[in-house]
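**Q** Supplied structure: entry.cif, mmCIF, C-alpha atoms.
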data_structure
loop_
_atom_site.label_atom_id
_atom_site.label_comp_id
_atom_site.auth_asym_id
_atom_site.auth_seq_id
_atom_site.Cartn_x
_atom_site.Cartn_y
_atom_site.Cartn_z
CA MET A 1 -4.63 24.36 -18.09
CA ALA A 2 -3.93 22.21 -21.08
CA THR A 3 -0.54 21.00 -21.78
CA SER A 4 0.87 21.46 -25.15
CA GLY A 5 1.75 18.55 -27.32
CA ALA A 6 5.15 19.92 -27.93
CA PRO A 7 7.92 17.75 -26.57
CA GLY A 8 9.66 19.13 -23.52
CA PRO A 9 13.36 19.24 -23.00
CA SER A 10 14.77 15.78 -23.35
CA ARG A 11 16.59 14.21 -20.38
CA ALA A 12 20.19 13.38 -20.75
CA PRO A 13 20.72 9.62 -21.19
CA GLY A 14 23.34 9.68 -18.44
CA LEU A 15 20.75 10.84 -15.92
CA GLY A 16 18.04 8.63 -17.34
CA GLY A 17 20.33 5.64 -16.84
CA TRP A 18 20.79 6.23 -13.12
CA PRO A 19 18.11 3.75 -12.05
CA VAL A 20 19.69 1.13 -14.29
CA LEU A 21 23.14 1.87 -12.94
CA ALA A 22 21.87 1.80 -9.38
CA GLY A 23 20.17 -1.51 -10.04
CA LEU A 24 23.34 -2.90 -11.55
CA PHE A 25 25.31 -1.74 -8.52
CA VAL A 26 22.87 -3.38 -6.11
CA CYS A 27 23.00 -6.59 -8.13
CA VAL A 28 26.79 -6.66 -8.03
CA VAL A 29 26.79 -6.16 -4.26
CA ALA A 30 24.12 -8.80 -3.73
CA VAL A 31 25.84 -11.37 -5.91
CA GLY A 32 29.16 -10.69 -4.25
CA LEU A 33 27.73 -11.13 -0.80
CA ALA A 34 25.61 -14.13 -1.71
CA THR A 35 28.43 -16.05 -3.27
CA GLY A 36 30.95 -15.06 -0.66
CA ALA A 37 33.53 -14.35 -3.30
CA VAL A 38 36.33 -14.10 -0.85
CA PRO A 39 39.82 -15.20 -1.80
CA GLY A 40 40.69 -18.38 0.05
CA ASP A 41 37.11 -19.12 1.03
CA THR A 42 36.45 -21.56 -1.77
CA LEU A 43 34.21 -24.53 -1.16
CA THR A 44 36.26 -27.61 -0.69
CA SER A 45 35.27 -31.21 -0.43
CA VAL A 46 37.44 -33.18 1.95
CA ALA A 47 37.21 -36.92 1.91
CA SER A 48 39.91 -37.63 4.45
CA LEU A 49 39.38 -40.08 7.25
CA PRO A 50 40.48 -39.56 10.83
CA ALA A 51 44.05 -40.46 11.58
CA SER A 52 44.11 -43.56 13.70
CA VAL A 53 45.08 -42.89 17.26
CA ALA A 54 46.03 -46.50 17.82
CA THR A 55 49.63 -47.35 18.27
CA GLY A 56 51.16 -50.51 16.99
CA ASP A 57 49.83 -53.24 14.76
CA CYS A 58 46.87 -55.33 15.97
CA GLY A 59 46.18 -52.93 18.80
CA GLY A 60 42.99 -52.72 20.77
CA PRO A 61 40.10 -50.34 20.23
CA SER A 62 41.04 -46.68 20.47
CA LEU A 63 38.80 -43.73 21.12
CA ILE A 64 39.07 -41.18 18.29
CA ALA A 65 36.28 -38.91 19.50
CA GLY A 66 33.85 -39.03 22.38
CA SER A 67 34.13 -40.14 25.94
CA GLY A 68 35.02 -43.60 27.08
CA ASP A 69 36.79 -45.68 29.64
CA ARG A 70 39.61 -47.21 27.70
CA ALA A 71 42.26 -46.75 30.33
CA THR A 72 40.86 -49.17 32.87
CA HIS A 73 40.25 -51.90 30.31
CA ALA A 74 43.01 -51.38 27.79
CA ALA A 75 44.89 -54.46 28.92
CA ASP A 76 42.10 -56.86 27.98
CA GLY A 77 41.05 -55.12 24.76
CA VAL A 78 37.77 -53.78 26.06
CA LEU A 79 36.44 -50.27 25.57
CA GLU A 80 33.19 -48.92 26.94
CA ALA A 81 31.83 -45.71 25.43
CA PHE A 82 29.70 -43.71 27.83
CA THR A 83 28.78 -41.06 25.26
CA ASN A 84 28.55 -40.87 21.50
CA ALA A 85 31.88 -42.11 20.27
CA LEU A 86 33.98 -42.88 17.23
CA VAL A 87 36.25 -45.82 17.91
CA GLY A 88 39.07 -47.04 15.71
CA LEU A 89 40.23 -50.64 15.43
CA PRO A 90 43.70 -50.69 13.90
CA GLY A 91 44.52 -53.05 11.08
CA CYS A 92 46.13 -56.41 11.68
CA ALA A 93 47.76 -59.04 9.50
CA ARG A 94 45.29 -61.61 10.73
CA GLU A 95 41.52 -61.69 10.89
CA ARG A 96 40.04 -60.49 14.15
CA VAL A 97 36.63 -60.65 15.79
CA VAL A 98 35.12 -57.92 17.92
CA ARG A 99 32.00 -58.19 20.03
CA LEU A 100 29.73 -55.15 20.17
CA SER A 101 27.21 -55.01 22.98
CA GLY A 102 25.38 -52.34 24.84
CA SER A 103 22.98 -51.31 27.53
CA PRO A 104 19.58 -50.09 26.32
CA ALA A 105 17.69 -46.99 27.37
CA LYS A 106 13.98 -46.62 26.69
CA GLY A 107 14.09 -50.06 25.13
CA VAL A 108 16.63 -49.12 22.45
CA GLY A 109 20.25 -50.15 22.44
CA PRO A 110 23.22 -48.30 20.98
CA ALA A 111 22.93 -47.59 17.24
CA VAL A 112 26.20 -48.65 15.69
CA SER A 113 27.71 -48.38 12.26
CA VAL A 114 30.89 -50.33 11.54
CA THR A 115 32.94 -49.22 8.53
CA TYR A 116 35.88 -51.06 7.02
CA VAL A 117 38.69 -48.79 5.90
CA ARG A 118 41.07 -50.16 3.30
CA ASP A 119 43.42 -48.63 0.81
CA ALA A 120 40.67 -48.93 -1.79
CA GLY A 121 38.24 -46.91 0.32
CA ALA A 122 35.61 -47.33 2.99
CA ASP A 123 32.55 -49.55 3.02
CA THR A 124 29.95 -50.56 5.53
CA ALA A 125 30.61 -53.74 7.44
CA TRP A 126 27.57 -53.76 9.69
CA GLN A 127 24.92 -51.43 11.00
CA GLY A 128 22.13 -51.80 13.53
CA THR A 129 21.35 -51.60 17.21
CA VAL A 130 23.00 -53.86 19.73
CA GLY A 131 21.73 -55.23 23.03
CA PRO A 132 23.32 -56.87 26.05
CA GLU A 133 23.80 -60.15 24.14
CA GLY A 134 25.90 -58.37 21.51
CA VAL A 135 26.88 -59.09 17.94
CA LEU A 136 30.14 -60.38 16.52
CA VAL A 137 31.84 -58.48 13.72
CA VAL A 138 34.70 -59.99 11.77
CA VAL A 139 37.44 -57.58 10.76
CA PRO A 140 39.36 -58.97 7.75
CA PRO A 141 43.16 -58.91 7.61
CA ALA A 142 44.83 -55.60 6.75
CA THR A 143 41.61 -53.72 7.43
CA GLU A 144 41.04 -50.92 9.86
CA ALA A 145 37.54 -50.51 11.23
CA LEU A 146 35.72 -47.45 12.48
CA VAL A 147 32.85 -47.95 14.92
CA SER A 148 30.41 -45.05 15.21
CA PHE A 149 27.95 -44.81 18.14
CA THR A 150 25.60 -41.85 17.78
CA ASN A 151 22.42 -42.29 19.83
CA ASP A 152 23.70 -42.00 23.39
CA LEU A 153 20.96 -41.41 25.94
CA VAL A 154 20.61 -41.17 29.69
CA SER A 155 17.05 -41.58 30.98
CA GLY A 156 16.52 -41.87 34.69
CA SER A 157 18.53 -44.81 35.88
CA GLU A 158 19.10 -46.06 32.33
CA ASP A 159 22.29 -45.22 30.47
CA ARG A 160 22.82 -46.28 26.87
CA ASN A 161 26.48 -47.29 26.56
CA LEU A 162 28.43 -49.21 23.96
CA ARG A 163 30.96 -51.90 24.83
CA LEU A 164 33.60 -53.20 22.44
CA GLU A 165 35.53 -56.34 23.26
CA MET A 166 38.19 -57.99 21.16
CA VAL A 167 37.19 -61.67 21.07
CA THR A 168 40.29 -62.60 19.08
CA PRO A 169 42.90 -59.94 19.88
CA MET B 1 27.94 17.14 -25.36
CA ARG B 2 26.62 17.53 -21.84
CA ARG B 3 24.93 14.14 -21.92
CA TYR B 4 28.18 12.44 -22.82
CA VAL B 5 29.97 14.14 -19.98
CA LEU B 6 27.28 12.99 -17.59
CA ALA B 7 27.36 9.46 -18.95
CA SER B 8 31.12 9.34 -18.63
CA ALA B 9 30.93 10.66 -15.09
CA ALA B 10 28.32 8.06 -14.20
CA PHE B 11 30.44 5.30 -15.68
CA ALA B 12 33.49 6.44 -13.77
CA LEU B 13 31.46 6.60 -10.60
CA LEU B 14 30.20 3.08 -11.15
CA VAL B 15 33.69 1.73 -11.71
CA GLY B 16 34.87 3.46 -8.57
CA ALA B 17 31.95 2.09 -6.59
CA LEU B 18 32.66 -1.43 -7.85
CA ALA B 19 36.26 -1.10 -6.77
CA VAL B 20 35.12 -0.11 -3.30
CA VAL B 21 32.71 -3.04 -3.20
CA ALA B 22 35.46 -5.41 -4.26
CA ARG B 23 37.37 -4.27 -1.18
CA LEU B 24 34.31 -4.30 1.02
CA VAL B 25 33.01 -7.78 0.26
CA PRO B 26 36.00 -9.63 1.78
CA TRP B 27 35.78 -7.37 4.81
CA VAL B 28 32.10 -8.17 5.26
CA ALA B 29 32.80 -11.86 4.81
CA GLY B 30 35.42 -11.71 7.49
CA ALA B 31 38.64 -12.29 5.62
CA GLY B 32 41.31 -13.80 7.83
CA PRO B 33 42.03 -17.16 9.39
CA THR B 34 39.46 -19.67 8.23
CA PRO B 35 38.24 -22.74 10.12
CA ARG B 36 39.44 -25.88 8.36
CA LEU B 37 38.51 -29.51 8.66
CA VAL B 38 41.48 -31.67 9.47
CA TRP B 39 39.49 -34.81 8.90
CA ALA B 40 35.87 -35.85 8.57
CA PHE B 41 34.08 -39.14 8.76
CA ILE B 42 30.47 -39.65 7.74
CA PRO B 43 29.36 -43.23 8.45
CA PRO B 44 28.05 -44.56 5.14
CA ALA B 45 25.27 -46.46 6.89
CA VAL B 46 22.76 -45.18 9.44
CA PRO B 47 20.65 -47.65 11.42
CA ASN B 48 16.91 -47.09 11.20
CA GLY B 49 15.84 -44.51 13.79
CA ALA B 50 19.40 -43.36 14.52
CA PRO B 51 20.48 -39.81 13.74
CA PHE B 52 22.44 -38.88 10.64
CA ALA B 53 25.90 -38.07 11.88
CA ALA B 54 29.28 -36.72 10.90
CA TRP B 55 32.45 -36.84 12.94
CA PHE B 56 35.07 -34.22 12.37
CA GLY B 57 38.39 -32.88 13.47
CA MET B 58 38.66 -29.16 12.94
CA ASP B 59 41.24 -26.46 13.32
CA VAL B 60 39.63 -23.17 14.30
CA PRO B 61 42.42 -20.61 14.54
CA PRO B 62 42.02 -17.59 16.83
CA GLY B 63 40.26 -14.81 14.99
CA ALA B 64 38.56 -17.15 12.52
CA ALA B 65 35.28 -15.49 13.38
CA PRO B 66 35.09 -11.76 12.79
CA ALA B 67 32.80 -11.23 15.76
CA GLY B 68 30.60 -13.15 18.16
CA PRO B 69 30.45 -16.92 17.99
CA SER B 70 33.13 -18.81 16.17
CA ALA B 71 32.71 -21.35 13.37
CA SER B 72 29.83 -23.80 13.26
CA VAL B 73 28.96 -27.02 11.50
CA GLN B 74 25.68 -28.24 10.09
CA LEU B 75 24.36 -31.32 8.34
CA ARG B 76 22.35 -31.18 5.13
CA VAL B 77 20.40 -34.29 4.20
CA CYS B 78 19.21 -34.52 0.61
CA ASP B 79 17.24 -37.24 -1.09
CA LEU B 80 18.24 -38.38 -4.54
CA GLU B 81 15.70 -35.98 -6.10
CA GLY B 82 17.54 -33.06 -4.50
CA ALA B 83 15.06 -32.16 -1.75
CA CYS B 84 17.09 -31.19 1.28
CA LEU B 85 16.68 -30.79 5.02
CA LEU B 86 19.03 -28.91 7.30
CA GLY B 87 20.01 -30.01 10.77
CA ALA B 88 20.68 -27.65 13.63
CA ARG B 89 23.84 -25.57 13.57
CA LYS B 90 26.44 -26.60 16.10
CA PRO B 91 29.02 -24.03 17.20
CA VAL B 92 32.64 -25.07 17.24
CA ALA B 93 34.89 -23.32 19.70
CA GLU B 94 38.29 -21.97 18.78
CA GLY B 95 40.91 -24.66 18.84
CA GLN B 96 38.42 -27.51 19.29
CA SER B 97 39.85 -30.59 17.70
CA THR B 98 37.11 -33.19 17.41
CA GLY B 99 33.35 -33.27 17.48
CA LEU B 100 30.10 -34.79 16.27
CA VAL B 101 27.17 -33.15 14.55
CA THR B 102 23.91 -35.00 14.10
CA ALA B 103 20.52 -34.52 12.50
CA THR B 104 17.53 -36.62 13.49
CA ARG B 105 14.84 -36.96 10.86
CA SER B 106 12.07 -39.46 10.30
CA LEU B 107 12.78 -40.46 6.76
CA ALA B 108 11.95 -43.46 4.66
CA PRO B 109 14.70 -46.05 4.40
CA GLY B 110 16.86 -45.50 1.36
CA GLU B 111 19.84 -43.61 0.06
CA TYR B 112 20.53 -40.00 0.91
CA ASP B 113 23.31 -37.53 0.24
CA LEU B 114 24.74 -36.12 3.44
CA ASP B 115 26.78 -32.91 3.45
CA LEU B 116 28.82 -31.68 6.37
CA LEU B 117 28.92 -27.89 6.08
CA VAL B 118 31.54 -25.77 7.79
CA LEU B 119 30.14 -22.30 8.39
CA ARG B 120 31.54 -19.04 9.60
CA PRO B 121 29.70 -15.87 10.52
CA ASP B 122 30.13 -12.68 8.54
CA ARG B 123 29.86 -9.07 9.64
CA LEU B 124 26.29 -8.76 8.42
CA GLY B 125 25.05 -11.39 10.86
CA GLY B 126 24.76 -14.06 8.20
CA VAL B 127 26.70 -17.26 7.77
CA ARG B 128 28.88 -18.40 4.94
CA THR B 129 29.77 -21.95 3.92
CA VAL B 130 33.52 -22.35 3.71
CA GLN B 131 33.90 -26.11 3.40
CA VAL B 132 31.76 -29.10 2.46
CA VAL B 133 32.27 -32.82 2.87
CA SER B 134 29.80 -35.12 1.16
CA GLN B 135 28.92 -38.78 1.50
CA ARG B 136 26.10 -40.93 0.16
CA VAL B 137 24.61 -42.83 3.07
CA ARG B 138 22.22 -45.71 3.34
CA TYR B 139 19.53 -45.07 5.93
CA GLY B 140 17.68 -47.96 7.52
CA ASP B 141 17.40 -51.37 5.94
#
As structure tokens - that is how I would like this structure written.

**A**
Amino acid sequence: MATSGAPGPSRAPGLGGWPVLAGLFVCVVAVGLATGAVPGDTLTSVASLPASVATGDCGGPSLIAGSGDRATHAADGVLEAFTNALVGLPGCARERVVRLSGSPAKGVGPAVSVTYVRDAGADTAWQGTVGPEGVLVVVPPATEALVSFTNDLVSGSEDRNLRLEMVTP
Amino acid sequence: MRRYVLASAAFALLVGALAVVARLVPWVAGAGPTPRLVWAFIPPAVPNGAPFAAWFGMDVPPGAAPAGPSASVQLRVCDLEGACLLGARKPVAEGQSTGLVTATRSLAPGEYDLDLLVLRPDRLGGVRTVQVVSQRVRYGD
């Protein structure tokens, strides 16, 4: 049976546009979900630093996060971090020196990053791994320091710990 | 005439559907209390071989997650050409105040952009970034 060349009944544009409308609808849903366009859920960049937990000027090292043993050594300005830790050294009117040392595990000592925090911002004071002999870090006057220890490890009888000692309190 | 009626009906239907979606999207995303960083600290220097790390203090109010696990955090490490790697997601419990998230990668020494992402689950089983803290870090020597 041959079909005639005569045009058949034309489809209404409203019906012919359904696939387009459906596609538009799907796109709107997808974009909405992908971007998470939820009131109050805007992306925010926060550059704040942790509030110091130290009390008083020229105080000893204070544990901001992590696990340590400050209580038993607080009197002599020594803190030993047994896990990953963020330690704050409060600012002081005079220059101070802190010794960072640590016990290695698998031949690697604690990886430490020391950051100076001033009104003008934060910058790196020292970074590296420390061993039992330790390193001395000078903290300038009116400067708070943050000490970050992030590679804690326990392996058999070895335990990688970080020790902070105020050489000049 | 009929085609215009149909087109008008379709348009009205679309507008109505969009209005419903506008209501539905926040529900799917889990509108409500949102986890918020109180503070964040990304050390600007990472010793060679040590993990990339970000410390944070976070307020996760009850009900911040619509269902299942609560908020989570994740590190994104990008080189200066924009190629990025993602660390593992770390869940943050409701009310938890401080924590550390790390990402260990064998990368060449140099400068990288580190992003701390605060994520929350949605009702579709996905995750949604609600907060970002960025810091350029120097890795290795």

**Q** List as JSON lines every residue of chain B that is in contact with chain A, defined as an atom at most 6 Å from one of its atoms (using all atoms listed in the file), together with the nearest atom pair and the distance in Å rounded to one decimal, sorted by chain and then rising number.

**A**
{"residue": "B:Arg3", "atom": "CA", "partner": "A:Ala12", "partner_atom": "CA", "distance": 4.9}
{"residue": "B:Leu6", "atom": "CA", "partner": "A:Gly14", "partner_atom": "CA", "distance": 5.2}
{"residue": "B:Ala7", "atom": "CA", "partner": "A:Gly14", "partner_atom": "CA", "distance": 4.1}
{"residue": "B:Pro26", "atom": "CA", "partner": "A:Val38", "partner_atom": "CA", "distance": 5.2}
{"residue": "B:Trp39", "atom": "CA", "partner": "A:Pro50", "partner_atom": "CA", "distance": 5.2}
{"residue": "B:Ala40", "atom": "CA", "partner": "A:Leu49", "partner_atom": "CA", "distance": 5.7}
{"residue": "B:Phe41", "atom": "CA", "partner": "A:Leu49", "partner_atom": "CA", "distance": 5.6}
{"residue": "B:Pro47", "atom": "CA", "partner": "A:Gly128", "partner_atom": "CA", "distance": 4.9}
{"residue": "B:Val130", "atom": "CA", "partner": "A:Leu43", "partner_atom": "CA", "distance": 5.4}
{"residue": "B:Gln131", "atom": "CA", "partner": "A:Leu43", "partner_atom": "CA", "distance": 4.8}
{"residue": "B:Val132", "atom": "CA", "partner": "A:Ser45", "partner_atom": "CA", "distance": 5.0}
{"residue": "B:Val133", "atom": "CA", "partner": "A:Ser45", "partner_atom": "CA", "distance": 4.7}

**Q** With the file shown as input, list the residues that the PyMOL selection byres ((chain A and resi 163) around 7) selects, as a list in words.

**A**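 Evaluating the PyMOL selection byres ((chain A and resi 163) around 7) on this file yields Leu79, Glu80, Ala81, Leu100, Ser101, Gly102, Asn161, Leu162, Leu164 and Glu165 of chain A.
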
**Q** Translate the PyMOL selection byres ((chain B and resi 115) around 7), as applied to the file shown, into an explicit residue set as a list of chain:residue names.

**A**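 Applied to this file, the PyMOL selection byres ((chain B and resi 115) around 7) selects B:Leu75, B:Arg76, B:Val77, B:Asp113, B:Leu114, B:Leu116, B:Leu117, B:Val132, B:Val133, B:Ser134, B:Gln135.
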
**Q** Keeping only C-alpha atoms, write those residues as an mmCIF file, keeping the file's coordinate frame.

**A**
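After the write, out28.cif holds the following:
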data_model
loop_
_atom_site.group_PDB
_atom_site.id
_atom_site.type_symbol
_atom_site.label_atom_id
_atom_site.label_comp_id
_atom_site.auth_asym_id
_atom_site.auth_seq_id
_atom_site.Cartn_x
_atom_site.Cartn_y
_atom_site.Cartn_z
ATOM 1 C CA LEU B 75 24.360 -31.320 8.340
ATOM 2 C CA ARG B 76 22.350 -31.180 5.130
ATOM 3 C CA VAL B 77 20.400 -34.290 4.200
ATOM 4 C CA ASP B 113 23.310 -37.530 0.240
ATOM 5 C CA LEU B 114 24.740 -36.120 3.440
ATOM 6 C CA LEU B 116 28.820 -31.680 6.370
ATOM 7 C CA LEU B 117 28.920 -27.890 6.080
ATOM 8 C CA VAL B 132 31.760 -29.100 2.460
ATOM 9 C CA VAL B 133 32.270 -32.820 2.870
ATOM 10 C CA SER B 134 29.800 -35.120 1.160
ATOM 11 C CA GLN B 135 28.920 -38.780 1.500
#

**Q** So how many Å separate CA of Arg136 in chain B and CA of Tyr112 in chain B, to one decimal?

**A**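 Calculated distance between CA of Arg136 in chain B and CA of Tyr112 in chain B is 5.7 Å.
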
**Q** Evaluate the PyMOL selection byres ((chain A and resi 118) around 8) against this structure - the residues, as an MDAnalysis selection string, please.

**A** chainID A and resid 116:117 119:122 142:144

**Q** Residues of the last selection are to be written out with C-alpha atoms, as a short mmCIF file (atom, residue, chain, number, x, y, z; two decimals), in the frame of the given file.

**A**
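Everything below was put into again_7.cif:
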data_model
loop_
_atom_site.label_atom_id
_atom_site.label_comp_id
_atom_site.auth_asym_id
_atom_site.auth_seq_id
_atom_site.Cartn_x
_atom_site.Cartn_y
_atom_site.Cartn_z
CA TYR A 116 35.88 -51.06 7.02
CA VAL A 117 38.69 -48.79 5.90
CA ASP A 119 43.42 -48.63 0.81
CA ALA A 120 40.67 -48.93 -1.79
CA GLY A 121 38.24 -46.91 0.32
CA ALA A 122 35.61 -47.33 2.99
CA ALA A 142 44.83 -55.60 6.75
CA THR A 143 41.61 -53.72 7.43
CA GLU A 144 41.04 -50.92 9.86
#

**Q** Just to confirm, what's the straight-line distance from CA of Val137 in chain B to CA of Val137 in chain A in Å (one decimal)?

**A**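 Between these atoms lies a distance of 20.3 Å.
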
**Q** Starting from the point (18.7, -45.4, 4.5), work out which residues of protein, DNA or RNA have an atom no more than 8 Å away when counting only C-alpha atoms; state them as a list in words.

**A**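 Here is the list of nearby residues: Ala45, Val46, Pro47, Asn48, Ala108, Pro109, Gly110, Glu111, Tyr112, Val137, Arg138, Tyr139, Gly140 and Asp141 of chain B.
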
**Q** Work out how far CA of Ala103 in chain B is from CA of Ala71 in chain B, in Å to one decimal.

**A**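 Between these atoms lies a distance of 18.0 Å.
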
**Q** Counting only C-alpha atoms, what is within 8 Å of Thr104 in chain B, bar same-chain residues fewer than 3 positions away, as a list in words?

**A**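 Near Thr104 in chain B, the qualifying residues are Ala50, Pro51, Phe52 and Gly87 of chain B.
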
**Q** List every protein, DNA or RNA residue that has at least one atom no more than 8 Å from (37.7, -33.0, 15.1) in the file's coordinates, counting all atoms listed in the file, and write the result as a PyMOL selection string.

**A** (chain A and resi 65) or (chain B and resi 37-40+55-59+96-100)

**Q** Restricting the calculation to only C-alpha atoms, which member of A:Ala145, A:Ala93, A:Val138, A:Val154 is positioned closest to Pro61 in chain A?

**A**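 Looking at the shortest contact to Pro61 in chain A, the residue is A:Ala145.
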